[in-house]
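**Student:** Have a look at this one.
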Amino acid sequence: MSIFKASNLESLPKFLNRCDPLAVLERKPKKGSDEFFQKLMKTNFKVLGQIFKDSSKNDIKYILKNDIPNELQTHSFYTIWVNDMSIICNIFCRILDINSVGFSLGTQRVCQRYHIDNVSMRLLVTYAGIGTEWLPENAADRKAYYRGMSNEQILKDPSKRKFMDIWDVAIFRGGPNGLLHRSPDAALKGQSIMMRLDHENFWNKVLKHELDNKVL
(Lines give C-alpha, C1' and ligand atoms only; values in the text may rest on other atoms or scores of the structure.)
Protein backbone atom coordinates (compact mmCIF):
# COMPACT_ATOMS: atom_id res chain seq x y z
CA MET A 1 0.00 0.00 0.00
CA SER A 2 1.41 3.37 -0.97
CA ILE A 3 0.88 6.48 1.15
CA PHE A 4 1.24 10.05 -0.01
CA LYS A 5 3.46 11.83 2.49
CA ALA A 6 3.10 15.57 2.09
CA SER A 7 6.05 17.80 2.89
CA ASN A 8 3.89 20.77 3.92
CA LEU A 9 0.30 21.99 3.81
CA GLU A 10 0.72 23.53 0.39
CA SER A 11 1.68 20.17 -1.10
CA LEU A 12 -1.44 18.36 0.15
CA PRO A 13 -3.53 19.26 -2.95
CA LYS A 14 -1.23 17.00 -4.99
CA PHE A 15 -3.06 14.09 -3.34
CA LEU A 16 -6.06 14.74 -5.60
CA ASN A 17 -4.19 13.42 -8.66
CA ARG A 18 -2.86 10.32 -6.94
CA CYS A 19 -4.43 6.93 -6.24
CA ASP A 20 -3.08 6.45 -2.72
CA PRO A 21 -5.76 5.65 -0.10
CA LEU A 22 -4.15 7.95 2.45
CA ALA A 23 -2.31 11.26 2.58
CA VAL A 24 -0.38 12.25 5.70
CA LEU A 25 1.35 15.45 6.67
CA GLU A 26 3.43 14.84 9.78
CA ARG A 27 3.57 17.84 12.10
CA LYS A 28 4.92 18.63 15.52
CA PRO A 29 2.54 20.11 18.12
CA LYS A 30 2.76 23.86 18.43
CA LYS A 31 4.22 25.35 21.58
CA GLY A 32 1.65 25.77 24.32
CA SER A 33 -0.78 23.23 22.88
CA ASP A 34 -0.44 20.58 25.59
CA GLU A 35 -1.37 22.92 28.46
CA PHE A 36 -4.26 24.39 26.46
CA PHE A 37 -5.77 21.07 25.41
CA GLN A 38 -5.39 19.52 28.85
CA LYS A 39 -7.65 22.29 30.13
CA LEU A 40 -10.03 22.02 27.17
CA MET A 41 -10.46 18.26 27.55
CA LYS A 42 -12.09 18.88 30.93
CA THR A 43 -15.07 20.16 28.91
CA ASN A 44 -17.14 17.66 26.92
CA PHE A 45 -18.34 19.16 23.67
CA LYS A 46 -19.19 18.44 20.05
CA VAL A 47 -19.76 21.17 17.50
CA LEU A 48 -20.90 20.96 13.88
CA GLY A 49 -20.94 23.70 11.29
CA GLN A 50 -20.27 24.85 7.77
CA ILE A 51 -16.95 26.62 7.22
CA PHE A 52 -16.63 28.83 4.13
CA LYS A 53 -13.29 29.33 2.43
CA ASP A 54 -13.62 33.12 2.37
CA SER A 55 -14.56 33.47 6.05
CA SER A 56 -13.12 30.35 7.66
CA LYS A 57 -11.51 31.98 10.68
CA ASN A 58 -14.62 33.93 11.68
CA ASP A 59 -16.85 30.93 10.98
CA ILE A 60 -14.82 28.73 13.31
CA LYS A 61 -14.85 31.32 16.08
CA TYR A 62 -18.61 31.71 15.72
CA ILE A 63 -19.24 27.96 15.87
CA LEU A 64 -17.04 27.53 18.94
CA LYS A 65 -18.09 30.59 20.95
CA ASN A 66 -20.77 28.83 23.02
CA ASP A 67 -18.86 25.59 23.64
CA ILE A 68 -15.30 26.63 24.47
CA PRO A 69 -14.93 28.11 27.98
CA ASN A 70 -14.46 31.89 27.93
CA GLU A 71 -11.16 31.64 29.79
CA LEU A 72 -9.77 29.49 26.98
CA GLN A 73 -11.14 31.72 24.22
CA THR A 74 -9.01 34.52 25.66
CA HIS A 75 -5.96 32.25 26.01
CA SER A 76 -3.06 33.22 23.75
CA PHE A 77 -2.99 29.76 22.17
CA TYR A 78 -6.66 29.89 21.12
CA THR A 79 -5.90 32.22 18.20
CA ILE A 80 -3.04 29.99 17.08
CA TRP A 81 -5.35 26.96 17.11
CA VAL A 82 -8.18 28.69 15.25
CA ASN A 83 -5.71 29.91 12.63
CA ASP A 84 -4.42 26.37 12.16
CA MET A 85 -7.92 24.93 11.69
CA SER A 86 -8.80 27.77 9.33
CA ILE A 87 -5.77 27.12 7.11
CA ILE A 88 -6.56 23.40 6.95
CA CYS A 89 -10.19 24.10 6.05
CA ASN A 90 -9.02 26.31 3.19
CA ILE A 91 -6.57 23.67 1.95
CA PHE A 92 -9.32 21.02 1.95
CA CYS A 93 -11.57 23.37 -0.02
CA ARG A 94 -8.78 23.69 -2.59
CA ILE A 95 -8.29 19.93 -2.79
CA LEU A 96 -11.98 19.28 -3.41
CA ASP A 97 -12.55 22.48 -5.43
CA ILE A 98 -15.42 23.60 -3.20
CA ASN A 99 -16.38 26.80 -1.37
CA SER A 100 -17.07 25.31 2.06
CA VAL A 101 -16.54 22.22 4.21
CA GLY A 102 -18.56 20.39 6.82
CA PHE A 103 -16.78 20.91 10.14
CA SER A 104 -16.96 18.66 13.19
CA LEU A 105 -14.92 19.13 16.37
CA GLY A 106 -15.26 17.41 19.72
CA THR A 107 -13.89 15.44 22.63
CA GLN A 108 -15.68 12.12 22.11
CA ARG A 109 -14.81 9.36 19.64
CA VAL A 110 -17.36 6.71 18.70
CA CYS A 111 -16.07 4.73 15.68
CA GLN A 112 -15.29 1.45 17.42
CA ARG A 113 -15.46 -0.87 14.40
CA TYR A 114 -13.02 -0.82 11.51
CA HIS A 115 -14.78 0.91 8.65
CA ILE A 116 -14.36 2.67 5.32
CA ASP A 117 -15.85 6.14 5.02
CA ASN A 118 -18.86 6.48 2.73
CA VAL A 119 -17.41 9.68 1.25
CA SER A 120 -14.77 10.29 -1.40
CA MET A 121 -12.37 11.96 1.05
CA ARG A 122 -12.36 12.90 4.72
CA LEU A 123 -9.76 14.94 6.60
CA LEU A 124 -8.89 14.26 10.24
CA VAL A 125 -6.61 16.00 12.72
CA THR A 126 -6.27 14.79 16.30
CA TYR A 127 -5.03 17.75 18.32
CA ALA A 128 -4.88 15.90 21.64
CA GLY A 129 -5.29 12.32 22.80
CA ILE A 130 -4.75 9.25 20.62
CA GLY A 131 -4.80 9.52 16.83
CA THR A 132 -6.83 7.39 14.44
CA GLU A 133 -5.90 3.71 14.05
CA TRP A 134 -5.64 2.48 10.46
CA LEU A 135 -4.77 -0.76 8.70
CA PRO A 136 -2.27 -1.34 5.90
CA GLU A 137 -3.62 -3.73 3.28
CA ASN A 138 -1.52 -6.65 4.54
CA ALA A 139 -2.99 -6.29 8.02
CA ALA A 140 -6.67 -6.37 7.02
CA ASP A 141 -9.18 -8.96 5.84
CA ARG A 142 -11.53 -6.94 3.65
CA LYS A 143 -13.81 -9.92 3.06
CA ALA A 144 -14.39 -10.13 6.82
CA TYR A 145 -15.18 -6.42 6.88
CA TYR A 146 -17.74 -6.63 4.07
CA ARG A 147 -19.34 -9.66 5.72
CA GLY A 148 -19.95 -7.56 8.84
CA MET A 149 -17.56 -9.56 11.00
CA SER A 150 -15.87 -8.37 14.18
CA ASN A 151 -12.71 -6.29 14.53
CA GLU A 152 -10.81 -9.39 15.66
CA GLN A 153 -11.66 -11.11 12.38
CA ILE A 154 -10.96 -8.04 10.23
CA LEU A 155 -7.54 -7.51 11.83
CA LYS A 156 -5.20 -10.19 10.49
CA ASP A 157 -2.01 -8.98 12.15
CA PRO A 158 -2.23 -6.70 15.23
CA SER A 159 1.49 -5.92 15.01
CA LYS A 160 0.93 -4.08 11.71
CA ARG A 161 -1.66 -1.61 12.98
CA LYS A 162 -0.79 2.04 12.42
CA PHE A 163 -1.76 5.16 14.37
CA MET A 164 -1.81 8.81 13.40
CA ASP A 165 0.20 11.09 15.64
CA ILE A 166 -1.31 14.19 17.19
CA TRP A 167 -1.30 17.24 14.91
CA ASP A 168 -0.75 15.10 11.81
CA VAL A 169 -3.09 16.02 8.95
CA ALA A 170 -4.59 12.86 7.44
CA ILE A 171 -6.85 12.59 4.39
CA PHE A 172 -8.61 9.24 4.02
CA ARG A 173 -10.12 8.05 0.78
CA GLY A 174 -13.48 6.33 1.14
CA GLY A 175 -15.48 4.10 -1.17
CA PRO A 176 -14.71 0.55 -2.35
CA ASN A 177 -10.93 0.96 -2.19
CA GLY A 178 -10.92 3.23 0.82
CA LEU A 179 -8.82 2.86 3.95
CA LEU A 180 -9.97 0.73 6.89
CA HIS A 181 -9.67 2.67 10.15
CA ARG A 182 -11.26 3.17 13.56
CA SER A 183 -11.03 5.08 16.82
CA PRO A 184 -8.48 3.22 18.98
CA ASP A 185 -9.57 1.78 22.30
CA ALA A 186 -7.64 4.40 24.29
CA ALA A 187 -9.53 7.18 22.47
CA LEU A 188 -12.90 5.48 22.98
CA LYS A 189 -12.27 5.24 26.71
CA GLY A 190 -10.62 8.63 27.20
CA GLN A 191 -10.75 12.22 26.05
CA SER A 192 -9.33 13.69 22.87
CA ILE A 193 -9.71 16.68 20.60
CA MET A 194 -10.39 15.78 16.97
CA MET A 195 -11.33 17.88 13.95
CA ARG A 196 -13.10 16.22 11.01
CA LEU A 197 -13.70 17.89 7.65
CA ASP A 198 -16.05 16.69 4.92
CA HIS A 199 -17.24 17.79 1.50
CA GLU A 200 -19.93 20.48 1.59
CA ASN A 201 -22.36 17.95 0.09
CA PHE A 202 -21.96 15.83 3.22
CA TRP A 203 -22.77 18.91 5.27
CA ASN A 204 -25.95 19.54 3.30
CA LYS A 205 -27.10 15.90 3.33
CA VAL A 206 -26.03 14.72 6.78
CA LEU A 207 -24.37 17.12 9.21
CA LYS A 208 -26.83 19.98 8.80
CA HIS A 209 -29.72 17.65 9.63
CA GLU A 210 -27.88 16.40 12.71
CA LEU A 211 -27.44 19.97 13.85
CA ASP A 212 -31.04 20.92 13.07
CA ASN A 213 -32.29 17.91 15.01
CA LYS A 214 -29.77 18.48 17.81
CA VAL A 215 -28.42 14.94 17.49
CA LEU A 216 -25.15 15.76 19.18
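Residues in the C-alpha coordinates are numbered from 1 in each chain, the chains being A, B, ... in the order shown, and ligands are numbered from 1 in the order shown.
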Show which residues sit within 6 Å of region 193-199 of chain A, as a list in words. Count only C-alpha atoms, and ignore same-chain residues fewer than 5 positions away.
**Tutor:**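 Near region 193-199 of chain A, the qualifying residues are Val101, Gly102, Phe103, Ser104, Leu105, Gly106, Thr107, Arg122, Leu123, Leu124, Val125, Thr126, Tyr127 and Ala128 of chain A.
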**Student:** Considering only C-alpha atoms, tabulate each residue of region 48-161 of chain A that lies at most 9 Å from region 8-30 of chain A along with its nearest interatomic pair and the corresponding distance in Å to one decimal; arrange the rows by chain and ascending residue number and present them as JSON lines.
**Tutor:**
{"residue": "A:Ile80", "atom": "CA", "partner": "A:Lys30", "partner_atom": "CA", "distance": 8.5}
{"residue": "A:Trp81", "atom": "CA", "partner": "A:Lys30", "partner_atom": "CA", "distance": 8.8}
{"residue": "A:Ile87", "atom": "CA", "partner": "A:Leu9", "partner_atom": "CA", "distance": 8.6}
{"residue": "A:Ile88", "atom": "CA", "partner": "A:Leu9", "partner_atom": "CA", "distance": 7.7}
{"residue": "A:Ile91", "atom": "CA", "partner": "A:Pro13", "partner_atom": "CA", "distance": 7.3}
{"residue": "A:Phe92", "atom": "CA", "partner": "A:Pro13", "partner_atom": "CA", "distance": 7.8}
{"residue": "A:Arg94", "atom": "CA", "partner": "A:Pro13", "partner_atom": "CA", "distance": 6.9}
{"residue": "A:Ile95", "atom": "CA", "partner": "A:Pro13", "partner_atom": "CA", "distance": 4.8}
{"residue": "A:Leu96", "atom": "CA", "partner": "A:Leu16", "partner_atom": "CA", "distance": 7.8}
{"residue": "A:Tyr127", "atom": "CA", "partner": "A:Pro29", "partner_atom": "CA", "distance": 7.9}
**Student:** Determine which residues of region 5-162 of chain A DSSP labels as alpha helix (DSSP H) from the backbone of this structure, then write them out as number ranges by chain.
**Tutor:** A: 33-40, 56-64, 70-73, 76-96, 142-146, 151-154
**Student:** Keeping only N, CA and C atoms, write the selected residues to a file as a short mmCIF file (atom, residue, chain, number, x, y, z; two decimals), in the first residue's frame.
**Tutor:**
data_model
loop_
_atom_site.label_atom_id
_atom_site.label_comp_id
_atom_site.auth_asym_id
_atom_site.auth_seq_id
_atom_site.Cartn_x
_atom_site.Cartn_y
_atom_site.Cartn_z
N SER A 33 0.43 23.99 23.17
CA SER A 33 -0.78 23.23 22.88
C SER A 33 -1.14 22.25 23.99
N ASP A 34 -0.15 21.61 24.59
CA ASP A 34 -0.44 20.58 25.59
C ASP A 34 -1.20 21.15 26.78
N GLU A 35 -0.70 22.27 27.32
CA GLU A 35 -1.37 22.92 28.46
C GLU A 35 -2.79 23.33 28.09
N PHE A 36 -2.95 23.91 26.90
CA PHE A 36 -4.26 24.39 26.46
C PHE A 36 -5.25 23.24 26.33
N PHE A 37 -4.84 22.17 25.66
CA PHE A 37 -5.77 21.07 25.41
C PHE A 37 -6.06 20.25 26.66
N GLN A 38 -5.11 20.19 27.58
CA GLN A 38 -5.39 19.52 28.85
C GLN A 38 -6.53 20.22 29.58
N LYS A 39 -6.56 21.53 29.51
CA LYS A 39 -7.65 22.29 30.13
C LYS A 39 -8.94 22.12 29.34
N LEU A 40 -8.83 22.13 28.00
CA LEU A 40 -10.03 22.02 27.17
C LEU A 40 -10.69 20.65 27.30
N SER A 56 -13.34 31.53 6.82
CA SER A 56 -13.12 30.35 7.66
C SER A 56 -12.79 30.68 9.11
N LYS A 57 -11.92 31.66 9.31
CA LYS A 57 -11.51 31.98 10.68
C LYS A 57 -12.69 32.49 11.51
N ASN A 58 -13.46 33.40 10.96
CA ASN A 58 -14.62 33.93 11.68
C ASN A 58 -15.70 32.87 11.86
N ASP A 59 -15.86 32.00 10.86
CA ASP A 59 -16.85 30.93 10.98
C ASP A 59 -16.51 30.00 12.13
N ILE A 60 -15.24 29.63 12.24
CA ILE A 60 -14.82 28.73 13.31
C ILE A 60 -15.03 29.37 14.68
N LYS A 61 -14.65 30.63 14.80
CA LYS A 61 -14.85 31.32 16.08
C LYS A 61 -16.33 31.38 16.45
N TYR A 62 -17.17 31.62 15.46
CA TYR A 62 -18.61 31.71 15.72
C TYR A 62 -19.17 30.36 16.18
N ILE A 63 -18.75 29.30 15.53
CA ILE A 63 -19.24 27.96 15.87
C ILE A 63 -18.80 27.54 17.27
N LEU A 64 -17.60 27.97 17.66
CA LEU A 64 -17.04 27.53 18.94
C LEU A 64 -17.42 28.41 20.13
N ASN A 70 -14.92 30.52 28.21
CA ASN A 70 -14.46 31.89 27.93
C ASN A 70 -12.99 32.08 28.29
N GLU A 71 -12.55 31.46 29.37
CA GLU A 71 -11.16 31.64 29.79
C GLU A 71 -10.19 31.08 28.76
N LEU A 72 -10.63 30.06 28.01
CA LEU A 72 -9.77 29.49 26.98
C LEU A 72 -9.88 30.26 25.67
N GLN A 73 -11.01 30.89 25.42
CA GLN A 73 -11.14 31.72 24.22
C GLN A 73 -10.25 32.96 24.29
N SER A 76 -3.89 32.84 24.90
CA SER A 76 -3.06 33.22 23.75
C SER A 76 -2.99 32.10 22.70
N PHE A 77 -3.10 30.86 23.12
CA PHE A 77 -2.99 29.76 22.17
C PHE A 77 -4.27 29.58 21.35
N TYR A 78 -5.39 30.08 21.82
CA TYR A 78 -6.66 29.89 21.12
C TYR A 78 -6.59 30.44 19.69
N THR A 79 -6.02 31.62 19.53
CA THR A 79 -5.90 32.22 18.20
C THR A 79 -5.01 31.38 17.30
N ILE A 80 -3.93 30.85 17.86
CA ILE A 80 -3.04 29.99 17.08
C ILE A 80 -3.79 28.76 16.59
N TRP A 81 -4.58 28.17 17.46
CA TRP A 81 -5.35 26.96 17.11
C TRP A 81 -6.40 27.25 16.05
N VAL A 82 -7.15 28.32 16.23
CA VAL A 82 -8.18 28.69 15.25
C VAL A 82 -7.55 28.96 13.89
N ASN A 83 -6.41 29.65 13.89
CA ASN A 83 -5.71 29.91 12.63
C ASN A 83 -5.31 28.61 11.94
N ASP A 84 -4.84 27.65 12.73
CA ASP A 84 -4.42 26.37 12.16
C ASP A 84 -5.61 25.65 11.53
N MET A 85 -6.72 25.59 12.23
CA MET A 85 -7.92 24.93 11.69
C MET A 85 -8.42 25.65 10.45
N SER A 86 -8.35 26.97 10.47
CA SER A 86 -8.80 27.77 9.33
C SER A 86 -7.97 27.47 8.08
N ILE A 87 -6.66 27.41 8.24
CA ILE A 87 -5.77 27.12 7.11
C ILE A 87 -6.07 25.74 6.53
N ILE A 88 -6.28 24.76 7.40
CA ILE A 88 -6.56 23.40 6.95
C ILE A 88 -7.91 23.33 6.24
N CYS A 89 -8.90 24.04 6.74
CA CYS A 89 -10.19 24.10 6.05
C CYS A 89 -10.02 24.66 4.64
N ASN A 90 -9.24 25.70 4.50
CA ASN A 90 -9.02 26.31 3.19
C ASN A 90 -8.28 25.36 2.24
N ILE A 91 -7.30 24.64 2.77
CA ILE A 91 -6.57 23.67 1.95
C ILE A 91 -7.51 22.57 1.46
N PHE A 92 -8.38 22.09 2.34
CA PHE A 92 -9.32 21.02 1.95
C PHE A 92 -10.31 21.52 0.90
N CYS A 93 -10.72 22.78 1.02
CA CYS A 93 -11.57 23.37 -0.02
C CYS A 93 -10.84 23.37 -1.36
N ARG A 94 -9.56 23.69 -1.36
CA ARG A 94 -8.78 23.69 -2.59
C ARG A 94 -8.68 22.29 -3.18
N ILE A 95 -8.44 21.31 -2.32
CA ILE A 95 -8.29 19.93 -2.79
C ILE A 95 -9.56 19.45 -3.48
N LEU A 96 -10.71 19.76 -2.88
CA LEU A 96 -11.98 19.28 -3.41
C LEU A 96 -12.63 20.26 -4.37
N ARG A 142 -10.40 -7.73 4.16
CA ARG A 142 -11.53 -6.94 3.65
C ARG A 142 -12.79 -7.79 3.50
N LYS A 143 -12.63 -9.05 3.19
CA LYS A 143 -13.81 -9.92 3.06
C LYS A 143 -14.54 -10.01 4.40
N ALA A 144 -13.78 -10.10 5.48
CA ALA A 144 -14.39 -10.13 6.82
C ALA A 144 -15.12 -8.83 7.11
N TYR A 145 -14.52 -7.71 6.68
CA TYR A 145 -15.18 -6.42 6.88
C TYR A 145 -16.52 -6.36 6.14
N TYR A 146 -16.51 -6.72 4.86
CA TYR A 146 -17.74 -6.63 4.07
C TYR A 146 -18.80 -7.64 4.52
N ASN A 151 -14.04 -6.87 14.69
CA ASN A 151 -12.71 -6.29 14.53
C ASN A 151 -11.63 -7.37 14.59
N GLU A 152 -11.81 -8.34 15.49
CA GLU A 152 -10.81 -9.39 15.66
C GLU A 152 -10.64 -10.21 14.38
N GLN A 153 -11.73 -10.35 13.63
CA GLN A 153 -11.66 -11.11 12.38
C GLN A 153 -11.18 -10.26 11.20
N ILE A 154 -11.44 -8.96 11.28
CA ILE A 154 -10.96 -8.04 10.23
C ILE A 154 -9.45 -7.84 10.35
#
**Student:** Using the chain letters and numbers from this document, which residues of region 72-120 of chain A does DSSP assign to strand (DSSP E or B), as an NGL selection string?
**Tutor:** :A and (100-106 or 115)
**Student:** Between A:Val169, A:Arg147, A:Glu133, A:Leu180, which residue has the minimum interatomic distance to His115 (chain A), considering only C-alpha atoms?
**Tutor:**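 With only C-alpha atoms as the atom set, the closest residue is A:Leu180.
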**Student:** Skip Ser100 (chain A) itself and residues of its chain fewer than 2 positions away, then list as a list in words all residues within 6 Å of it, counting only C-alpha atoms.
**Tutor:**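 In the requested form, the answer reads Ile51, Phe52, Lys53, Ile98 and Glu200 of chain A.
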**Student:** Can you write out the residues you just picked, keeping N, CA and C atoms, as a PDB file, in the first residue's frame?
**Tutor:**
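Saved to again33.pdb:
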ATOM      1  N   ILE A  51     -18.052  25.662   7.255  1.00  0.00           N
ATOM      2  CA  ILE A  51     -16.948  26.624   7.221  1.00  0.00           C
ATOM      3  C   ILE A  51     -16.702  27.028   5.773  1.00  0.00           C
ATOM      4  N   PHE A  52     -16.829  28.320   5.485  1.00  0.00           N
ATOM      5  CA  PHE A  52     -16.627  28.826   4.132  1.00  0.00           C
ATOM      6  C   PHE A  52     -15.182  29.263   3.930  1.00  0.00           C
ATOM      7  N   LYS A  53     -14.687  29.023   2.752  1.00  0.00           N
ATOM      8  CA  LYS A  53     -13.290  29.326   2.431  1.00  0.00           C
ATOM      9  C   LYS A  53     -12.967  30.802   2.645  1.00  0.00           C
ATOM     10  N   ILE A  98     -14.122  23.218  -3.753  1.00  0.00           N
ATOM     11  CA  ILE A  98     -15.415  23.600  -3.198  1.00  0.00           C
ATOM     12  C   ILE A  98     -15.266  24.908  -2.429  1.00  0.00           C
ATOM     13  N   GLU A 200     -18.734  19.700   1.283  1.00  0.00           N
ATOM     14  CA  GLU A 200     -19.926  20.484   1.590  1.00  0.00           C
ATOM     15  C   GLU A 200     -21.209  19.721   1.287  1.00  0.00           C
TER      16      GLU A 200
END
**Student:** Pick the closest to Phe202 (chain A) from A:Gly190, A:Gly49, A:Gly131, A:Pro158: which is it, counting only C-alpha atoms?
**Tutor:** A:Gly49
